[in-house]
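Data block for final-v8.tsv (TSV, C-alpha atoms):
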chain	number	residue	atom	x	y	z
A	62	MET	CA	-50.67	-76.67	50.84
A	63	SER	CA	-53.67	-78.85	49.99
A	64	THR	CA	-54.71	-79.15	46.34
A	65	THR	CA	-58.35	-78.88	47.46
A	66	PRO	CA	-59.55	-75.51	48.75
A	67	ASN	CA	-60.00	-75.39	52.50
A	68	ALA	CA	-61.13	-72.62	54.82
A	69	PRO	CA	-58.05	-72.34	57.11
A	70	GLU	CA	-55.68	-71.74	54.19
A	71	THR	CA	-58.05	-69.33	52.47
A	72	VAL	CA	-58.72	-67.36	55.66
A	73	ALA	CA	-54.98	-67.12	56.44
A	74	LEU	CA	-54.29	-65.80	52.94
A	75	TYR	CA	-56.98	-63.13	53.11
A	76	ASP	CA	-55.96	-62.16	56.64
A	77	ALA	CA	-52.55	-61.38	55.15
A	78	PHE	CA	-54.06	-59.58	52.14
A	79	ALA	CA	-56.62	-57.45	53.99
A	80	ALA	CA	-54.51	-54.36	54.75
A	81	ASP	CA	-53.44	-54.04	51.11
A	82	TYR	CA	-56.63	-55.25	49.46
A	83	ASP	CA	-58.38	-51.95	48.71
A	84	ARG	CA	-55.17	-50.25	47.58
A	85	ARG	CA	-54.49	-53.05	45.08
A	86	PHE	CA	-57.97	-52.82	43.59
A	87	ASP	CA	-57.89	-49.03	43.44
A	88	SER	CA	-54.41	-48.75	41.91
A	89	GLU	CA	-53.85	-51.82	39.70
A	90	PRO	CA	-55.46	-51.29	36.28
A	91	LEU	CA	-56.64	-54.84	35.61
A	92	ARG	CA	-58.14	-55.34	39.08
A	93	ARG	CA	-59.92	-52.00	38.88
A	94	ILE	CA	-61.25	-52.68	35.39
A	95	TYR	CA	-62.51	-56.20	36.05
A	96	GLU	CA	-64.25	-54.96	39.20
A	97	GLN	CA	-65.96	-52.22	37.19
A	98	LEU	CA	-66.98	-54.54	34.35
A	99	SER	CA	-68.34	-57.22	36.66
A	100	TRP	CA	-70.28	-54.66	38.71
A	101	GLU	CA	-71.89	-53.24	35.58
A	102	ARG	CA	-73.22	-56.69	34.71
A	103	VAL	CA	-74.31	-57.46	38.28
A	104	ALA	CA	-76.08	-54.10	38.67
A	105	ALA	CA	-78.14	-54.82	35.54
A	106	LEU	CA	-79.20	-58.20	36.97
A	107	LEU	CA	-80.18	-57.08	40.48
A	108	PRO	CA	-83.81	-56.80	41.60
A	109	PRO	CA	-85.20	-53.46	40.40
A	110	GLY	CA	-86.13	-52.19	43.86
A	111	PRO	CA	-84.67	-52.47	47.36
A	112	ASP	CA	-84.31	-56.10	48.35
A	113	GLY	CA	-82.37	-58.49	50.53
A	114	ILE	CA	-78.96	-59.37	49.05
A	115	VAL	CA	-76.47	-61.94	50.36
A	116	ASP	CA	-72.85	-61.06	49.53
A	117	VAL	CA	-70.81	-64.26	49.96
A	118	GLY	CA	-67.19	-63.48	50.75
A	119	CYS	CA	-67.87	-59.76	51.10
A	120	GLY	CA	-64.23	-59.01	51.95
A	121	THR	CA	-63.59	-55.34	52.70
A	122	GLY	CA	-67.08	-54.40	51.55
A	123	ARG	CA	-66.41	-53.14	48.04
A	124	THR	CA	-69.65	-54.61	46.65
A	125	VAL	CA	-71.54	-53.78	49.84
A	126	GLU	CA	-70.64	-50.11	49.37
A	127	ARG	CA	-72.28	-50.22	45.93
A	128	LEU	CA	-75.39	-52.06	47.11
A	129	LEU	CA	-76.32	-49.97	50.14
A	130	PRO	CA	-76.95	-46.69	48.24
A	131	LEU	CA	-79.41	-48.61	46.05
A	132	GLY	CA	-81.51	-49.32	49.15
A	133	HIS	CA	-80.71	-53.01	49.43
A	134	ALA	CA	-80.43	-54.72	52.82
A	135	VAL	CA	-77.15	-56.61	52.60
A	136	THR	CA	-76.03	-59.65	54.56
A	137	GLY	CA	-72.31	-60.17	54.15
A	138	ILE	CA	-70.51	-63.44	54.83
A	139	GLU	CA	-66.80	-63.05	55.61
A	140	PRO	CA	-64.63	-65.48	57.62
A	141	SER	CA	-61.38	-63.47	57.59
A	142	GLY	CA	-60.97	-61.49	60.79
A	143	ALA	CA	-58.62	-58.97	59.18
A	144	MET	CA	-61.06	-58.41	56.30
A	145	GLN	CA	-63.85	-57.96	58.84
A	146	ASP	CA	-61.82	-55.27	60.62
A	147	VAL	CA	-61.39	-53.24	57.41
A	148	LEU	CA	-65.04	-53.75	56.50
A	149	THR	CA	-66.49	-52.68	59.84
A	150	ALA	CA	-64.29	-49.58	59.95
A	151	LYS	CA	-65.46	-48.53	56.48
A	152	LEU	CA	-69.14	-49.13	57.23
A	153	ALA	CA	-69.20	-47.60	60.71
A	154	GLY	CA	-72.48	-45.76	61.17
A	155	ARG	CA	-74.07	-47.21	58.02
A	156	THR	CA	-77.40	-49.01	58.27
A	157	GLY	CA	-78.76	-51.84	56.20
A	158	PHE	CA	-75.80	-54.20	56.60
A	159	THR	CA	-75.44	-57.37	58.65
A	160	LEU	CA	-72.11	-59.20	58.94
A	161	LEU	CA	-71.92	-62.96	59.43
A	162	PRO	CA	-68.31	-63.65	60.51
A	163	GLN	CA	-68.36	-67.24	59.30
A	164	THR	CA	-67.41	-69.41	56.37
A	165	MET	CA	-70.01	-69.71	53.63
A	166	GLU	CA	-70.46	-73.38	54.57
A	167	ALA	CA	-71.29	-72.49	58.19
A	168	ALA	CA	-73.36	-69.34	57.57
A	169	GLU	CA	-76.99	-69.54	58.64
A	170	ILE	CA	-79.25	-67.71	56.20
A	171	GLU	CA	-83.02	-67.92	56.39
A	172	PRO	CA	-84.10	-70.03	53.40
A	173	GLY	CA	-86.12	-68.60	50.55
A	174	ARG	CA	-85.96	-64.93	51.54
A	175	ALA	CA	-83.14	-63.23	49.63
A	176	GLY	CA	-83.75	-61.52	46.32
A	177	ALA	CA	-80.20	-62.31	45.20
A	178	VAL	CA	-77.07	-64.15	46.26
A	179	LEU	CA	-73.77	-62.77	44.93
A	180	ALA	CA	-70.54	-64.76	45.17
A	181	MET	CA	-67.93	-62.64	43.43
A	182	GLY	CA	-64.82	-64.78	43.57
A	183	SER	CA	-65.78	-66.87	46.61
A	184	LEU	CA	-67.44	-70.02	45.23
A	185	GLN	CA	-64.10	-71.21	43.82
A	186	TYR	CA	-62.77	-71.53	47.39
A	187	ALA	CA	-65.56	-73.88	48.48
A	188	PRO	CA	-64.31	-77.47	48.95
A	189	ASP	CA	-67.48	-78.68	47.18
A	190	PRO	CA	-68.83	-76.04	44.76
A	191	ASP	CA	-71.89	-78.15	43.89
A	192	ALA	CA	-72.94	-78.40	47.54
A	193	MET	CA	-72.33	-74.70	48.08
A	194	MET	CA	-74.33	-73.75	45.00
A	195	ARG	CA	-77.27	-75.76	46.35
A	196	ARG	CA	-77.09	-73.65	49.51
A	197	PHE	CA	-77.09	-70.44	47.46
A	198	VAL	CA	-80.25	-71.61	45.71
A	199	GLU	CA	-81.89	-72.41	49.04
A	200	TRP	CA	-81.24	-68.88	50.27
A	201	VAL	CA	-83.03	-67.08	47.42
A	202	ARG	CA	-86.78	-66.96	47.07
A	203	PRO	CA	-88.49	-68.36	43.95
A	204	GLY	CA	-87.50	-66.16	41.03
A	205	GLY	CA	-84.41	-64.94	42.90
A	206	LEU	CA	-80.99	-64.42	41.33
A	207	VAL	CA	-77.78	-66.34	41.99
A	208	CYS	CA	-74.71	-64.72	40.43
A	209	VAL	CA	-71.13	-65.95	40.77
A	210	MET	CA	-67.75	-64.96	39.40
A	211	VAL	CA	-65.02	-67.61	39.06
A	212	ASP	CA	-61.57	-67.89	37.51
A	213	SER	CA	-61.38	-69.32	34.00
A	214	SER	CA	-59.28	-72.44	33.46
A	215	VAL	CA	-58.97	-71.63	29.76
A	216	ALA	CA	-57.70	-68.09	30.32
A	217	LEU	CA	-55.17	-69.31	32.89
A	218	THR	CA	-53.94	-71.96	30.45
A	219	PHE	CA	-53.33	-69.31	27.79
A	220	GLU	CA	-51.51	-67.11	30.30
A	221	LEU	CA	-49.20	-69.91	31.45
A	222	LEU	CA	-48.43	-70.89	27.87
A	223	ARG	CA	-47.55	-67.28	27.12
A	224	LEU	CA	-45.20	-67.34	30.13
A	225	LYS	CA	-43.54	-70.48	28.70
A	226	ARG	CA	-44.79	-72.72	31.49
A	227	PRO	CA	-46.45	-75.45	29.39
A	228	ASP	CA	-46.27	-78.22	31.99
A	229	GLU	CA	-48.05	-76.09	34.56
A	230	ALA	CA	-50.59	-74.99	31.94
A	231	VAL	CA	-51.53	-78.59	31.20
A	232	LEU	CA	-51.55	-79.52	34.90
A	233	ARG	CA	-53.93	-76.69	35.79
A	234	LEU	CA	-56.22	-77.68	32.94
A	235	GLU	CA	-56.18	-81.35	33.93
A	236	GLU	CA	-56.71	-80.74	37.64
A	237	GLN	CA	-59.04	-77.73	37.24
A	238	ARG	CA	-57.23	-76.21	40.21
A	239	GLY	CA	-55.36	-72.94	40.58
A	240	VAL	CA	-53.39	-71.27	43.34
A	241	PHE	CA	-53.68	-67.77	44.71
A	242	ALA	CA	-50.66	-66.56	46.67
A	243	TYR	CA	-49.92	-63.45	48.68
A	244	ALA	CA	-47.14	-62.62	51.17
A	245	GLY	CA	-46.08	-66.23	51.53
A	246	ARG	CA	-49.63	-67.52	51.97
A	247	ARG	CA	-51.18	-69.80	49.38
A	248	SER	CA	-54.65	-71.18	48.84
A	249	ALA	CA	-55.93	-73.65	46.28
A	250	LEU	CA	-59.02	-72.75	44.27
A	251	HIS	CA	-61.28	-74.41	41.73
A	252	LEU	CA	-61.04	-73.37	38.10
A	253	PHE	CA	-63.96	-73.55	35.68
A	254	ASP	CA	-64.83	-73.19	32.05
A	255	ALA	CA	-68.18	-71.72	31.10
A	256	ASP	CA	-69.88	-75.08	30.57
A	257	GLN	CA	-68.65	-76.33	33.92
A	258	ILE	CA	-69.99	-73.40	35.94
A	259	ARG	CA	-73.26	-73.55	34.00
A	260	GLY	CA	-73.41	-77.24	34.93
A	261	VAL	CA	-72.92	-76.48	38.63
A	262	MET	CA	-75.80	-74.02	38.44
A	263	ALA	CA	-78.07	-76.38	36.48
A	264	ARG	CA	-77.46	-79.27	38.88
A	265	ALA	CA	-78.50	-76.98	41.74
A	266	GLY	CA	-81.82	-76.37	39.99
A	267	LEU	CA	-81.30	-72.90	38.54
A	268	ILE	CA	-82.89	-71.92	35.23
A	269	ARG	CA	-82.29	-69.18	32.62
A	270	ILE	CA	-78.57	-69.66	33.13
A	271	ASP	CA	-76.15	-67.44	31.25
A	272	ALA	CA	-72.48	-66.47	31.42
A	273	CYS	CA	-70.01	-63.99	30.01
A	274	GLY	CA	-66.27	-63.44	30.14
A	275	ILE	CA	-64.68	-60.61	32.09
A	276	LEU	CA	-61.35	-59.28	30.77
A	277	MET	CA	-61.09	-61.23	27.52
A	278	SER	CA	-58.39	-58.98	26.10
A	279	VAL	CA	-55.92	-60.39	28.63
A	280	SER	CA	-56.11	-63.82	27.00
A	281	ALA	CA	-55.34	-62.32	23.60
A	282	LEU	CA	-52.76	-59.69	24.52
A	283	GLY	CA	-51.36	-60.52	27.96
A	284	ARG	CA	-51.38	-58.47	31.16
A	285	GLY	CA	-48.69	-55.94	30.25
A	286	PRO	CA	-50.16	-54.80	26.93
A	287	CYS	CA	-53.62	-54.59	28.51
A	288	GLU	CA	-52.35	-52.43	31.35
A	289	GLU	CA	-50.67	-50.17	28.79
A	290	ALA	CA	-53.89	-49.99	26.76
A	291	ILE	CA	-55.84	-49.00	29.87
A	292	ARG	CA	-53.37	-46.24	30.69
A	293	ASP	CA	-53.47	-44.98	27.09
A	294	ASP	CA	-57.25	-44.96	26.65
A	295	GLU	CA	-59.30	-46.53	29.43
A	296	ALA	CA	-62.63	-45.63	27.85
A	297	ALA	CA	-61.71	-47.40	24.60
A	298	PHE	CA	-60.52	-50.49	26.48
A	299	LEU	CA	-63.77	-50.67	28.45
A	300	ALA	CA	-65.84	-50.20	25.30
A	301	THR	CA	-64.07	-53.13	23.62
A	302	GLU	CA	-64.54	-55.37	26.64
A	303	ARG	CA	-68.23	-54.54	26.81
A	304	ARG	CA	-68.64	-55.48	23.14
A	305	LEU	CA	-66.75	-58.76	23.64
A	306	GLN	CA	-69.03	-59.68	26.54
A	307	THR	CA	-71.95	-59.92	24.12
A	308	PHE	CA	-70.43	-62.96	22.37
A	309	PRO	CA	-71.20	-66.14	24.39
A	310	ALA	CA	-68.51	-68.11	22.56
A	311	LEU	CA	-65.85	-65.87	24.14
A	312	ALA	CA	-66.84	-66.51	27.78
A	313	ASN	CA	-63.94	-68.90	28.39
A	314	ALA	CA	-61.45	-66.30	27.16
A	315	GLY	CA	-62.32	-64.03	30.08
A	316	LYS	CA	-59.82	-64.03	32.91
A	317	HIS	CA	-62.96	-64.40	35.01
A	318	ILE	CA	-66.34	-65.89	34.13
A	319	LEU	CA	-69.49	-64.24	35.43
A	320	ALA	CA	-72.43	-66.65	35.50
A	321	TRP	CA	-75.98	-66.22	36.71
A	322	GLY	CA	-79.30	-68.04	36.94
A	323	TYR	CA	-82.64	-67.92	38.68
A	324	ARG	CA	-84.50	-70.13	41.12
A	325	PRO	CA	-87.66	-71.44	39.45
A	326	GLU	CA	-90.96	-69.88	40.45
A	327	GLY	CA	-93.41	-71.98	42.41
Write-out of the structure in structure tokens:
Amino acid sequence: MSTTPNAPETVALYDAFAADYDRRFDSEPLRRIYEQLSWERVAALLPPGPDGIVDVGCGTGRTVERLLPLGHAVTGIEPSGAMQDVLTAKLAGRTGFTLLPQTMEAAEIEPGRAGAVLAMGSLQYAPDPDAMMRRFVEWVRPGGLVCVMVDSSVALTFELLRLKRPDEAVLRLEEQRGVFAYAGRRSALHLFDADQIRGVMARAGLIRIDACGILMSVSALGRGPCEEAIRDDEAAFLATERRLQTFPALANAGKHILAWGYRPEG
């Protein structure tokens, strides 16, 4: 496996994951909660009325299914054939969605037209995140939103230290690379801290950049105790996470970092 993300490895991994993807998100507490928390933030950032939205790495269409009822016209980019199969079956008969079965690097999007570009967990698989971010900015019109979610290098370091894997913790922090594995398939991915992802966005020309952590309790308590807390009182767990999101200094503690910015007007 390469230490730099590359499309063939990533596509092979998600081809293997596709059949189980929705079940995992629906049944695993932490996946379900981070999806809910990130969507709440994204929904508050979206254009107020129906608009054109690009969903980069749209997978099985979980975000698409939330966007279409709001009246948005969604263009989804998804290179995994198995993910595409699940997606098209779910959206059969629905209007307002266009699928581009390509990598995000190869996708052809008309410049300057989208109201928002969302990349919820996909930017980290780009070989060159800076170059890809520049493309995202090109796709949105002046004033348009670019919103990404990436894995936190700091949160992963804490998790590996808790698991008594200090050498790997330091290595991941030094290399700013992680690995996602499923069913024998592995793919490298970029890791970020909040300043780093803000820097990627600033270098691409975005303004009014901000970020927050998603699932900060995991860094403090670990996965098991958080899953137990969700089962005991999900509403209380969500309320705490929402309060923690309001503190910028805690962004790096999130298992994921949600970051957003806007293309300048004019």
Around (-68.2, -67.7, 47.5), as given in the file, which residues come within 6 Å? Count only C-alpha atoms and list them as a PyMOL selection string.
chain A and resi 117-118+180+182-184
Between A:Asp189, A:Asp116, A:Asp294, A:Asp76, single out the one closest to Leu161 in chain A, counting all atoms listed in the file.
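Of A:Asp189, A:Asp116, A:Asp294, A:Asp76, the one nearest Leu161 in chain A, counting all atoms listed in the file, is A:Asp116.
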Identify, on the basis of all atoms listed in the file, every residue whose closest approach to Leu179 in chain A does not exceed 9 Å; exclude the query and any residue fewer than 4 positions from it along the same chain; express the result as a PDB file with C-alpha atoms, keeping the file's coordinate frame.
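Written output follows (result.pdb):
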ATOM      1  CA  VAL A 103     -74.310 -57.460  38.280  1.00  0.00           C
ATOM      2  CA  ILE A 114     -78.960 -59.370  49.050  1.00  0.00           C
ATOM      3  CA  VAL A 115     -76.470 -61.940  50.360  1.00  0.00           C
ATOM      4  CA  ASP A 116     -72.850 -61.060  49.530  1.00  0.00           C
ATOM      5  CA  VAL A 117     -70.810 -64.260  49.960  1.00  0.00           C
ATOM      6  CA  GLY A 118     -67.190 -63.480  50.750  1.00  0.00           C
ATOM      7  CA  PHE A 197     -77.090 -70.440  47.460  1.00  0.00           C
ATOM      8  CA  LEU A 206     -80.990 -64.420  41.330  1.00  0.00           C
ATOM      9  CA  VAL A 207     -77.780 -66.340  41.990  1.00  0.00           C
ATOM     10  CA  CYS A 208     -74.710 -64.720  40.430  1.00  0.00           C
ATOM     11  CA  VAL A 209     -71.130 -65.950  40.770  1.00  0.00           C
ATOM     12  CA  MET A 210     -67.750 -64.960  39.400  1.00  0.00           C
TER      13      MET A 210
END
Counting all atoms listed in the file, which residues come within 8 Å of (-83.2, -55.1, 44.2), with the point read in the file's coordinates, and could you list them as a list in words?
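Residues lying no farther than 8 Å from the given point: Leu107, Pro108, Pro109, Gly110, Pro111, Asp112, Gly113, Ile114, Leu131, Gly132, His133, Gly176 and Ala177 of chain A.
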Dump of C-alpha atoms for the selected residues, as an mmCIF file, in the frame of the given file:
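The result, written out as again.cif:
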data_model
loop_
_atom_site.group_PDB
_atom_site.id
_atom_site.type_symbol
_atom_site.label_atom_id
_atom_site.label_comp_id
_atom_site.auth_asym_id
_atom_site.auth_seq_id
_atom_site.Cartn_x
_atom_site.Cartn_y
_atom_site.Cartn_z
ATOM 1 C CA LEU A 107 -80.180 -57.080 40.480
ATOM 2 C CA PRO A 108 -83.810 -56.800 41.600
ATOM 3 C CA PRO A 109 -85.200 -53.460 40.400
ATOM 4 C CA GLY A 110 -86.130 -52.190 43.860
ATOM 5 C CA PRO A 111 -84.670 -52.470 47.360
ATOM 6 C CA ASP A 112 -84.310 -56.100 48.350
ATOM 7 C CA GLY A 113 -82.370 -58.490 50.530
ATOM 8 C CA ILE A 114 -78.960 -59.370 49.050
ATOM 9 C CA LEU A 131 -79.410 -48.610 46.050
ATOM 10 C CA GLY A 132 -81.510 -49.320 49.150
ATOM 11 C CA HIS A 133 -80.710 -53.010 49.430
ATOM 12 C CA GLY A 176 -83.750 -61.520 46.320
ATOM 13 C CA ALA A 177 -80.200 -62.310 45.200
#
